[in-house]
Structures are given as C-alpha cells and as structure tokens.
Amino acid sequence: MEKEPTEFFDFAAYVGLTKQLGGIEATEELANLCHIGPGSDVLDVGCGAGVTPCLLAKSYDCRVVGVDIREAMVARCRERAQREGVADRVEFRVADVQDLPFEDELFDAVTSESVTAFPEDKQRAVNEYVRVTKPGGYVGLNESTWRKTPPPPEVIAWSQQDLGGNVEPLSAVEWLALLESAGLTEIVHRTYDVDPQREARRILRRYGLTGMLRIYWRTLGLYRRSPAYRAFLKGVRQGGLVPTNAIEYFGYGLYVGRKPA
C-alpha cells in the first residue's frame, strides 16, 4: 500500500503531476541549447513524474538518468518509462540535488527544470551539476524568474502556492551569477513571461489526455479519503485568483553554460 501523502510534493507524487514552466517547448529548447543528441548521457535533476527523461530518451535517442528526492516520485517515473517503452534507456534514483551520488565528469549534459529554485543552497546545487558534467559538456536550467524586483507580497504568495511553499525564484542576474560562480562559460539565457492560461494548455500537452485522466482519477480518490488533501485544496482556493500584476513580475528563464574542456 502506498504511503498516504501529507505535504505539497507528496500530493504531487501521488497523483503523478509536477509543474514545469514553459511546457514541452521549454524542455525541447533547453535540450537543444545543451546540445543533447543521439548517444548523449544526460542527467535530469529533480525529474518529478518522469516526463522530461522519457521525452529526451524518445525524441533525442539519448540515455537519461533522472533523480528526485522522493521515492514516491521515482516510482511514478519508473511506471511512466514502462508505459512509454523507454525503460531500457532511462533509469531513476533517489538523490538530493545538493549531494549527487555520482562520480565526477560523468554526463554530457545536466538539466534541471523548476527544481533549483527550491534548495536552500542553490550555489551548492549548481556546483554539483557542474561537478558531474564532462569537460565540454553543458548544464541547463529552466527556472522560475523574477522579471522585476522586488515582487509584491501577493505575487510571492501566489508563486509559492502555485509551485510549492518553499520555492525561491531569483532574478535572471542572480541565476547567471550562480552559473558563472560554478565556473561555466559560454553562458546564454532567455527569459519568458508566464501566462497561467497558456501554462494550463501546456500541462495538457505535456501529459496528454490519457495521462490527465489518470491524474484526475488519482486526485479524486485522494480527495475522497484524505482529510489532509482536502485541507490543502481548501487553502489553495482561499488563496484567490492569480494577481493581476503576476505576469509583470513572474516568469521563467532558460540558463545554459558550458563546462570548460
């Protein structure tokens, strides 16, 4: 029997839904900026429900290792890999992004989407990404980004409710500083706004109709039997609508650098 979820990411793992800004388009753009291709060895840090590792394996004919801090999320990843027929090209492990269980210089590319905004020591996390990347390889982040600072309290509260209570977005300048401090060169970045309606459509495309139905039934079952989940949803509803100024302040960015050869 699966352990009853009690917190934000436990709920996400149970239903098999994780949010990543920019949808499949952002993942594909990040993969191209990281020069991922046939035969590449890729590490996806904070792989969530496994959508990105499976997409990379299928679309780019590469080998992917995905890590997530929750065992329940890793279980969802393995289920997805079996369903999508890529279990021979992907593997998943439980790991902390601030202390990756890999030897130095192992991967051609390391990607991370909507993950590095969460750890307390973001520089340590990025340093770990660089450590396990081969010389000449790439590190790429897709991360929530403050487009203007300081953001007002209502936008901060909305972002934490939408992405997870301990999320700490940075400005583009701050994200770039992390990559530079980790020793990356040839750094490129692109920032985008976040339209909540557009993001909702991207979630549907990312998971597909069958996947969304599976998520819906898991969510419904959890709602019926879990007081903790009902209380969580009540808190979300009480949070109100998206602030009218959210798009002005909140967005996401792609940040990619190369490890010197």
# chains A, B, ... in the order shown; residues from 1 in each chain; ligands from 1

$ select_by_dssp --residues "region 41-201 of chain A" --states "strand (DSSP E or B)" --output "NGL selection string"
:A and (41-45 or 63-68 or 90-94 or 96 or 99 or 107-113 or 133-146 or 170-171 or 185-193)

$ write_last_selection --atoms "N, CA and C atoms" --output "short mmCIF file (atom, residue, chain, number, x, y, z; two decimals), in the first residue's frame"
data_model
loop_
_atom_site.label_atom_id
_atom_site.label_comp_id
_atom_site.auth_asym_id
_atom_site.auth_seq_id
_atom_site.Cartn_x
_atom_site.Cartn_y
_atom_site.Cartn_z
N ASP A 41 24.80 11.14 -22.82
CA ASP A 41 24.48 10.70 -21.46
C ASP A 41 23.99 11.92 -20.69
N VAL A 42 22.74 11.88 -20.26
CA VAL A 42 22.09 13.06 -19.68
C VAL A 42 21.65 12.76 -18.25
N LEU A 43 21.82 13.73 -17.37
CA LEU A 43 21.26 13.67 -16.02
C LEU A 43 20.17 14.72 -15.92
N ASP A 44 18.95 14.29 -15.55
CA ASP A 44 17.86 15.22 -15.30
C ASP A 44 17.65 15.31 -13.80
N VAL A 45 17.94 16.47 -13.23
CA VAL A 45 17.92 16.66 -11.78
C VAL A 45 16.55 17.14 -11.35
N ARG A 63 20.61 8.53 -23.59
CA ARG A 63 20.44 7.79 -22.32
C ARG A 63 20.28 8.81 -21.20
N VAL A 64 19.30 8.57 -20.31
CA VAL A 64 18.98 9.57 -19.29
C VAL A 64 18.91 8.91 -17.92
N VAL A 65 19.52 9.57 -16.95
CA VAL A 65 19.35 9.24 -15.54
C VAL A 65 18.55 10.37 -14.91
N GLY A 66 17.48 10.03 -14.22
CA GLY A 66 16.68 11.03 -13.52
C GLY A 66 16.79 10.83 -12.03
N VAL A 67 16.91 11.91 -11.28
CA VAL A 67 16.96 11.82 -9.82
C VAL A 67 15.90 12.73 -9.23
N ASP A 68 15.32 12.27 -8.14
CA ASP A 68 14.36 13.07 -7.38
C ASP A 68 14.52 12.72 -5.91
N VAL A 90 16.34 4.75 -19.81
CA VAL A 90 16.28 5.67 -18.67
C VAL A 90 16.38 4.88 -17.37
N GLU A 91 16.94 5.51 -16.37
CA GLU A 91 16.94 4.94 -15.02
C GLU A 91 16.71 6.06 -14.03
N PHE A 92 16.23 5.70 -12.85
CA PHE A 92 15.85 6.70 -11.87
C PHE A 92 16.39 6.32 -10.50
N ARG A 93 16.81 7.36 -9.76
CA ARG A 93 17.34 7.16 -8.42
C ARG A 93 16.83 8.25 -7.49
N VAL A 94 16.80 7.92 -6.21
CA VAL A 94 16.52 8.92 -5.19
C VAL A 94 17.82 9.64 -4.86
N ASP A 96 19.54 13.79 -3.49
CA ASP A 96 19.45 15.20 -3.14
C ASP A 96 20.27 15.99 -4.15
N ASP A 99 23.74 17.01 -3.22
CA ASP A 99 24.74 15.98 -2.93
C ASP A 99 24.50 14.79 -3.87
N PHE A 107 28.49 12.97 -17.16
CA PHE A 107 27.40 13.23 -18.08
C PHE A 107 27.78 14.28 -19.13
N ASP A 108 27.23 14.10 -20.33
CA ASP A 108 27.41 15.10 -21.39
C ASP A 108 26.59 16.36 -21.13
N ALA A 109 25.46 16.19 -20.46
CA ALA A 109 24.60 17.34 -20.15
C ALA A 109 23.84 17.06 -18.87
N VAL A 110 23.63 18.11 -18.09
CA VAL A 110 22.81 18.05 -16.88
C VAL A 110 21.71 19.09 -17.03
N THR A 111 20.47 18.66 -16.90
CA THR A 111 19.33 19.57 -17.00
C THR A 111 18.55 19.57 -15.69
N SER A 112 17.88 20.68 -15.45
CA SER A 112 17.06 20.81 -14.25
C SER A 112 15.95 21.80 -14.55
N GLU A 113 14.69 21.39 -14.31
CA GLU A 113 13.54 22.23 -14.65
C GLU A 113 12.67 22.45 -13.42
N THR A 133 29.37 16.91 -14.69
CA THR A 133 29.34 17.12 -16.13
C THR A 133 30.74 16.93 -16.71
N LYS A 134 30.82 16.31 -17.86
CA LYS A 134 32.10 16.11 -18.54
C LYS A 134 32.67 17.46 -19.00
N PRO A 135 33.99 17.58 -19.06
CA PRO A 135 34.57 18.78 -19.67
C PRO A 135 34.02 18.97 -21.09
N GLY A 136 33.60 20.17 -21.40
CA GLY A 136 33.00 20.45 -22.69
C GLY A 136 31.50 20.22 -22.72
N GLY A 137 30.95 19.65 -21.65
CA GLY A 137 29.51 19.39 -21.58
C GLY A 137 28.75 20.61 -21.10
N TYR A 138 27.43 20.46 -21.01
CA TYR A 138 26.56 21.60 -20.73
C TYR A 138 25.70 21.37 -19.49
N VAL A 139 25.42 22.47 -18.80
CA VAL A 139 24.47 22.49 -17.69
C VAL A 139 23.37 23.47 -18.08
N GLY A 140 22.11 23.00 -18.01
CA GLY A 140 21.00 23.86 -18.40
C GLY A 140 19.89 23.88 -17.38
N LEU A 141 19.43 25.06 -17.03
CA LEU A 141 18.35 25.24 -16.06
C LEU A 141 17.15 25.89 -16.74
N ASN A 142 15.97 25.42 -16.38
CA ASN A 142 14.71 26.10 -16.69
C ASN A 142 14.12 26.47 -15.34
N GLU A 143 14.14 27.74 -14.98
CA GLU A 143 13.79 28.12 -13.62
C GLU A 143 12.88 29.34 -13.54
N SER A 144 12.02 29.31 -12.53
CA SER A 144 11.17 30.47 -12.24
C SER A 144 12.05 31.68 -11.97
N THR A 145 11.63 32.81 -12.52
CA THR A 145 12.48 34.01 -12.54
C THR A 145 11.65 35.25 -12.25
N TRP A 146 12.18 36.08 -11.37
CA TRP A 146 11.56 37.40 -11.17
C TRP A 146 11.98 38.30 -12.32
N LEU A 170 14.69 33.48 -8.41
CA LEU A 170 15.72 34.50 -8.44
C LEU A 170 15.51 35.38 -9.67
N SER A 171 16.20 36.49 -9.72
CA SER A 171 16.22 37.29 -10.93
C SER A 171 17.17 36.64 -11.94
N THR A 185 31.15 28.60 -18.73
CA THR A 185 31.45 29.63 -19.72
C THR A 185 30.43 29.54 -20.86
N GLU A 186 30.56 30.42 -21.84
CA GLU A 186 29.66 30.44 -23.00
C GLU A 186 28.19 30.45 -22.55
N ILE A 187 27.92 31.21 -21.52
CA ILE A 187 26.58 31.21 -20.91
C ILE A 187 25.58 31.96 -21.79
N VAL A 188 24.42 31.35 -21.99
CA VAL A 188 23.32 32.00 -22.70
C VAL A 188 22.08 31.95 -21.82
N HIS A 189 21.21 32.91 -22.00
CA HIS A 189 19.95 32.86 -21.24
C HIS A 189 18.84 33.52 -22.03
N ARG A 190 17.63 33.06 -21.78
CA ARG A 190 16.42 33.59 -22.41
C ARG A 190 15.33 33.60 -21.34
N THR A 191 14.61 34.70 -21.25
CA THR A 191 13.55 34.78 -20.25
C THR A 191 12.20 34.98 -20.93
N TYR A 192 11.16 34.48 -20.27
CA TYR A 192 9.81 34.50 -20.83
C TYR A 192 8.81 34.84 -19.72
N ASP A 193 7.67 35.39 -20.12
CA ASP A 193 6.62 35.62 -19.14
C ASP A 193 5.82 34.34 -18.94
#

$ residues_around --residues "Ile215 (chain A)" --least-positions-apart "3" --cutoff "6 Å" --atoms "only C-alpha atoms" --output "JSON, numbers by chain"
{"A": [15, 212, 218]}

$ closest_residue --among "A:Trp175, A:Phe11, A:Phe102, A:Trp158" --to "Lys122 (chain A)" --atoms "only C-alpha atoms"
A:Trp175

$ select_by_dssp --residues "region 12-233 of chain A" --states "helix (DSSP H, G or I)" --output "PyMOL selection string"
chain A and resi 12-15+23-33+51-60+71-83+122-131+153-163+172-181+196-225+227-233

$ atom_distance --atom1 "CA of Arg225 (chain A)" --atom2 "CA of Ala200 (chain A)"
26.3 Å

$ closest_residue --among "A:Thr52, A:Val115, A:Cys34, A:Tyr229" --to "Leu163 (chain A)" --atoms "only C-alpha atoms"
A:Val115

$ closest_residue --among "A:Leu106, A:Gly46, A:Trp217, A:Glu120" --to "Asn166 (chain A)" --atoms "only C-alpha atoms"
A:Glu120

$ closest_residue --among "A:Glu128, A:Glu199, A:Glu248, A:Glu84" --to "Pro151 (chain A)" --atoms "only C-alpha atoms"
A:Glu248

$ closest_atom_pairs --of "region 52-99 of chain A" --to "region 17-22 of chain A" --cutoff "12 Å" --atoms "only C-alpha atoms" --output "JSON lines"
{"residue": "A:Thr52", "atom": "CA", "partner": "A:Gln20", "partner_atom": "CA", "distance": 9.6}
{"residue": "A:Asp68", "atom": "CA", "partner": "A:Thr18", "partner_atom": "CA", "distance": 11.7}
{"residue": "A:Ala72", "atom": "CA", "partner": "A:Leu17", "partner_atom": "CA", "distance": 11.8}
{"residue": "A:Met73", "atom": "CA", "partner": "A:Thr18", "partner_atom": "CA", "distance": 9.4}
{"residue": "A:Arg76", "atom": "CA", "partner": "A:Leu17", "partner_atom": "CA", "distance": 9.4}
{"residue": "A:Cys77", "atom": "CA", "partner": "A:Leu17", "partner_atom": "CA", "distance": 10.8}
{"residue": "A:Arg80", "atom": "CA", "partner": "A:Leu17", "partner_atom": "CA", "distance": 11.7}

$ atom_distance --atom1 "CA of Gly23 (chain A)" --atom2 "CA of Tyr60 (chain A)"
16.9 Å

$ atom_distance --atom1 "CA of Gly16 (chain A)" --atom2 "CA of Asp61 (chain A)"
24.3 Å

$ closest_residue --among "A:Pro169, A:Val86, A:Cys62, A:Val132" --to "Pro119 (chain A)" --atoms "only C-alpha atoms"
A:Pro169
